[in-house]
Amino acid sequence: MTNTAPKTAIDQLLSHQIRRGPASSADPRPTRWCLETLRGRFIELSNGPASAGLSVITPLLVEAQQHAEPIAWVTAPTSCCYPPDLAAAGVDLNAFPLVVLPKLNAVAAAKAADRLLRSAAFGLIILDLYEIGSFSLATVARLAKLAHQHDSALVCLTYKSADVPSLGSLVSLRATSQRCQSINAIGSIRFEITVDILKDKRHGAAWQQQELRHGPPGSG
């Protein structure tokens, strides 16, 4: 018997969305971790030990909402983002649809991403693959084509280290992240967030972005 819950949840979400405008023709796009760099692409963000996946995803969510770009997050019940943290970082939870698939596998994840991309309603889609090992080459090709066609950023979260192969050769950009913590002289926690771009087909070379973030004084 086919489980129709994921389709119903996505149908309800799409019923409240409208199609976005035509894709931007501006190119080349900047080599920094931002929505403009990721538009129209299939991205893999791999999370290994000491990763900072949520820390580098959250600014994308905020940026998309600031530019009136609808966002969606597809996940499983056992691998869900923490909404209070997102709200504290500036994400408007009232405009943040979270699609929770009762059974997350490669087929269900691909169908969810396919439907959301084809709707042309979302500028940013986060696909939390949790324990899914890989997609077929045909699946990656289809999703990459849809992301390009609708100028949407499809960011797939995988849980593996940088030395493990990516989802496939058609991944447009693959990144890893790392967070290092230290305490300064006044007792404030400082975090250094690093995004390492291992592959970037659009710009043809690997690159890196670092950012310092600070906790409140005495938080250490």
# chains A, B, ... in the order shown; residues from 1 in each chain; ligands from 1
>>> select_by_dssp(residues="region 19-214 of chain A", states="alpha helix (DSSP H)", output="PyMOL selection string")
chain A and resi 35-38+53-66+83-88+106-118+137-149
>>> write_last_selection(atoms="N, CA and C atoms", output="compact mmCIF listing (two decimals), in the first residue's frame")
# COMPACT_ATOMS: atom_id res chain seq x y z
N LEU A 35 22.98 33.29 -1.27
CA LEU A 35 21.92 32.78 -2.13
C LEU A 35 22.21 33.06 -3.60
N GLU A 36 22.78 34.21 -3.90
CA GLU A 36 23.05 34.55 -5.29
C GLU A 36 24.04 33.58 -5.93
N THR A 37 25.02 33.13 -5.16
CA THR A 37 25.99 32.15 -5.67
C THR A 37 25.33 30.80 -5.93
N LEU A 38 24.32 30.46 -5.13
CA LEU A 38 23.74 29.11 -5.18
C LEU A 38 22.52 29.00 -6.08
N GLY A 53 26.85 22.86 9.86
CA GLY A 53 25.83 22.86 8.81
C GLY A 53 24.72 23.86 9.04
N LEU A 54 24.12 23.84 10.23
CA LEU A 54 23.02 24.76 10.52
C LEU A 54 23.50 26.21 10.54
N SER A 55 24.73 26.42 10.99
CA SER A 55 25.27 27.77 11.07
C SER A 55 25.48 28.39 9.69
N VAL A 56 25.72 27.57 8.68
CA VAL A 56 25.92 28.13 7.33
C VAL A 56 24.63 28.09 6.51
N ILE A 57 23.67 27.28 6.93
CA ILE A 57 22.38 27.24 6.25
C ILE A 57 21.49 28.39 6.70
N THR A 58 21.51 28.70 8.00
CA THR A 58 20.61 29.72 8.55
C THR A 58 20.73 31.08 7.86
N PRO A 59 21.94 31.59 7.60
CA PRO A 59 22.02 32.87 6.90
C PRO A 59 21.38 32.84 5.51
N LEU A 60 21.40 31.68 4.85
CA LEU A 60 20.74 31.56 3.55
C LEU A 60 19.23 31.71 3.70
N LEU A 61 18.68 31.11 4.77
CA LEU A 61 17.25 31.22 5.03
C LEU A 61 16.85 32.67 5.27
N VAL A 62 17.64 33.36 6.09
CA VAL A 62 17.37 34.77 6.39
C VAL A 62 17.48 35.62 5.14
N GLU A 63 18.53 35.38 4.35
CA GLU A 63 18.74 36.15 3.12
C GLU A 63 17.58 35.95 2.15
N ALA A 64 17.16 34.70 2.00
CA ALA A 64 16.05 34.42 1.07
C ALA A 64 14.79 35.17 1.51
N GLN A 65 14.48 35.13 2.80
CA GLN A 65 13.28 35.81 3.28
C GLN A 65 13.40 37.33 3.14
N GLN A 66 14.59 37.86 3.33
CA GLN A 66 14.78 39.30 3.15
C GLN A 66 14.54 39.75 1.71
N PRO A 83 13.55 24.89 15.50
CA PRO A 83 12.95 26.19 15.16
C PRO A 83 13.33 27.35 16.08
N PRO A 84 13.40 27.18 17.42
CA PRO A 84 13.77 28.33 18.26
C PRO A 84 15.13 28.92 17.89
N ASP A 85 16.09 28.09 17.52
CA ASP A 85 17.40 28.59 17.11
C ASP A 85 17.27 29.39 15.82
N LEU A 86 16.44 28.91 14.89
CA LEU A 86 16.26 29.64 13.63
C LEU A 86 15.60 30.98 13.89
N ALA A 87 14.60 31.00 14.76
CA ALA A 87 13.91 32.25 15.08
C ALA A 87 14.87 33.25 15.72
N ALA A 88 15.74 32.76 16.61
CA ALA A 88 16.71 33.64 17.26
C ALA A 88 17.69 34.24 16.27
N ALA A 106 15.44 7.56 -0.41
CA ALA A 106 15.87 8.24 -1.62
C ALA A 106 14.69 8.57 -2.54
N VAL A 107 13.74 7.65 -2.65
CA VAL A 107 12.59 7.86 -3.53
C VAL A 107 11.71 8.99 -3.00
N ALA A 108 11.38 8.95 -1.70
CA ALA A 108 10.52 9.98 -1.11
C ALA A 108 11.18 11.34 -1.15
N ALA A 109 12.47 11.40 -0.85
CA ALA A 109 13.19 12.67 -0.86
C ALA A 109 13.22 13.27 -2.26
N ALA A 110 13.49 12.42 -3.26
CA ALA A 110 13.54 12.90 -4.65
C ALA A 110 12.18 13.39 -5.12
N LYS A 111 11.12 12.68 -4.75
CA LYS A 111 9.77 13.10 -5.16
C LYS A 111 9.41 14.44 -4.53
N ALA A 112 9.76 14.61 -3.25
CA ALA A 112 9.46 15.87 -2.57
C ALA A 112 10.19 17.03 -3.24
N ALA A 113 11.49 16.85 -3.49
CA ALA A 113 12.28 17.90 -4.14
C ALA A 113 11.76 18.18 -5.54
N ASP A 114 11.39 17.14 -6.25
CA ASP A 114 10.86 17.29 -7.62
C ASP A 114 9.60 18.15 -7.64
N ARG A 115 8.68 17.86 -6.74
CA ARG A 115 7.42 18.59 -6.71
C ARG A 115 7.63 20.05 -6.31
N LEU A 116 8.49 20.28 -5.34
CA LEU A 116 8.74 21.64 -4.90
C LEU A 116 9.43 22.46 -6.00
N LEU A 117 10.37 21.86 -6.68
CA LEU A 117 11.07 22.57 -7.76
C LEU A 117 10.14 22.86 -8.92
N ARG A 118 9.34 21.87 -9.31
CA ARG A 118 8.43 22.05 -10.45
C ARG A 118 7.38 23.12 -10.18
N LEU A 137 22.08 8.56 -10.69
CA LEU A 137 22.56 9.60 -11.60
C LEU A 137 21.40 10.29 -12.29
N ALA A 138 20.38 9.52 -12.66
CA ALA A 138 19.21 10.10 -13.33
C ALA A 138 18.47 11.05 -12.41
N THR A 139 18.38 10.72 -11.12
CA THR A 139 17.70 11.59 -10.16
C THR A 139 18.45 12.90 -9.99
N VAL A 140 19.75 12.84 -9.83
CA VAL A 140 20.55 14.06 -9.68
C VAL A 140 20.43 14.91 -10.93
N ALA A 141 20.47 14.28 -12.10
CA ALA A 141 20.36 15.02 -13.36
C ALA A 141 19.02 15.73 -13.45
N ARG A 142 17.94 15.05 -13.07
CA ARG A 142 16.60 15.65 -13.15
C ARG A 142 16.47 16.82 -12.19
N LEU A 143 16.90 16.64 -10.95
CA LEU A 143 16.78 17.70 -9.95
C LEU A 143 17.68 18.89 -10.29
N ALA A 144 18.87 18.61 -10.79
CA ALA A 144 19.77 19.69 -11.19
C ALA A 144 19.17 20.50 -12.34
N LYS A 145 18.55 19.82 -13.28
CA LYS A 145 17.91 20.52 -14.40
C LYS A 145 16.76 21.39 -13.93
N LEU A 146 15.95 20.88 -13.00
CA LEU A 146 14.82 21.66 -12.48
C LEU A 146 15.30 22.87 -11.68
N ALA A 147 16.36 22.68 -10.89
CA ALA A 147 16.90 23.81 -10.11
C ALA A 147 17.39 24.90 -11.05
N HIS A 148 18.06 24.51 -12.12
CA HIS A 148 18.55 25.50 -13.10
C HIS A 148 17.39 26.17 -13.83
N GLN A 149 16.43 25.38 -14.22
CA GLN A 149 15.29 25.90 -14.98
C GLN A 149 14.51 26.96 -14.20
>>> residues_around(residues="Gly123 (chain A)", least_positions_apart="2", cutoff="8 Å", atoms="only C-alpha atoms", output="compact mmCIF listing (two decimals) with N, CA and C atoms, in the first residue's frame")
# COMPACT_ATOMS: atom_id res chain seq x y z
N ARG A 20 7.21 31.99 -8.90
CA ARG A 20 8.14 33.09 -8.85
C ARG A 20 8.38 33.63 -10.26
N ARG A 39 22.00 30.10 -6.56
CA ARG A 39 20.80 30.06 -7.40
C ARG A 39 20.99 29.15 -8.62
N ALA A 64 17.16 34.70 2.00
CA ALA A 64 16.05 34.42 1.07
C ALA A 64 14.79 35.17 1.51
N GLU A 69 12.02 35.64 -1.15
CA GLU A 69 12.13 34.36 -1.82
C GLU A 69 11.58 33.27 -0.88
N PRO A 70 10.51 32.58 -1.25
CA PRO A 70 9.98 31.51 -0.41
C PRO A 70 11.00 30.39 -0.22
N ILE A 71 10.99 29.79 0.95
CA ILE A 71 11.90 28.70 1.28
C ILE A 71 11.11 27.49 1.75
N ALA A 121 7.93 27.84 -7.12
CA ALA A 121 7.50 28.74 -6.05
C ALA A 121 8.58 29.04 -5.04
N ILE A 125 15.48 25.58 -1.37
CA ILE A 125 14.93 24.33 -0.83
C ILE A 125 16.06 23.59 -0.14
N ASP A 151 15.70 28.61 -11.44
CA ASP A 151 16.60 29.50 -10.72
C ASP A 151 16.47 29.32 -9.21
N SER A 152 16.33 28.06 -8.78
CA SER A 152 16.19 27.73 -7.37
C SER A 152 17.48 27.10 -6.85
N ALA A 153 17.79 27.35 -5.60
CA ALA A 153 18.93 26.71 -4.96
C ALA A 153 18.43 25.47 -4.22
>>> closest_residue(among="A:Leu198, A:Ala76, A:Ala175, A:Ile183", to="Tyr130 (chain A)", atoms="only C-alpha atoms")
A:Ala76
>>> residues_around(residues="Ser46 (chain A)", least_positions_apart="2", cutoff="8 Å", atoms="only C-alpha atoms", output="number ranges by chain")
A: 44, 48, 53, 157-162, 174-177
>>> write_last_selection(atoms="C-alpha atoms", output="mmCIF file, in the first residue's frame")
data_model
loop_
_atom_site.group_PDB
_atom_site.id
_atom_site.type_symbol
_atom_site.label_atom_id
_atom_site.label_comp_id
_atom_site.auth_asym_id
_atom_site.auth_seq_id
_atom_site.Cartn_x
_atom_site.Cartn_y
_atom_site.Cartn_z
ATOM 1 C CA GLU A 44 25.665 19.255 -1.580
ATOM 2 C CA GLY A 48 31.219 15.630 9.149
ATOM 3 C CA GLY A 53 25.834 22.864 8.811
ATOM 4 C CA LEU A 157 22.463 18.046 3.455
ATOM 5 C CA THR A 158 24.491 14.839 3.639
ATOM 6 C CA TYR A 159 26.220 13.345 6.640
ATOM 7 C CA LYS A 160 29.725 12.288 5.636
ATOM 8 C CA SER A 161 33.265 13.599 5.636
ATOM 9 C CA ALA A 162 34.914 15.398 2.751
ATOM 10 C CA ARG A 174 29.963 20.647 -2.982
ATOM 11 C CA ALA A 175 30.869 22.185 0.356
ATOM 12 C CA THR A 176 31.794 21.206 3.882
ATOM 13 C CA SER A 177 31.712 23.348 6.993
#
>>> select_by_dssp(residues="region 158-192 of chain A", states="strand (DSSP E or B)", output="ChimeraX atom specification")
/A:158,173-183,189-192
>>> write_last_selection(atoms="C-alpha atoms", output="PDB file, in the first residue's frame")
ATOM      1  CA  THR A 158      24.491  14.839   3.639  1.00  0.00           C
ATOM      2  CA  LEU A 173      28.797  22.739  -5.914  1.00  0.00           C
ATOM      3  CA  ARG A 174      29.963  20.647  -2.982  1.00  0.00           C
ATOM      4  CA  ALA A 175      30.869  22.185   0.356  1.00  0.00           C
ATOM      5  CA  THR A 176      31.794  21.206   3.882  1.00  0.00           C
ATOM      6  CA  SER A 177      31.712  23.348   6.993  1.00  0.00           C
ATOM      7  CA  GLN A 178      33.567  23.542  10.275  1.00  0.00           C
ATOM      8  CA  ARG A 179      33.118  25.445  13.536  1.00  0.00           C
ATOM      9  CA  CYS A 180      35.949  26.229  15.945  1.00  0.00           C
ATOM     10  CA  GLN A 181      35.241  27.735  19.374  1.00  0.00           C
ATOM     11  CA  SER A 182      37.466  29.906  21.548  1.00  0.00           C
ATOM     12  CA  ILE A 183      37.044  32.342  24.469  1.00  0.00           C
ATOM     13  CA  ILE A 189      32.719  32.868  23.225  1.00  0.00           C
ATOM     14  CA  ARG A 190      33.992  33.326  19.694  1.00  0.00           C
ATOM     15  CA  PHE A 191      33.121  30.985  16.856  1.00  0.00           C
ATOM     16  CA  GLU A 192      35.046  30.749  13.608  1.00  0.00           C
TER      17      GLU A 192
END
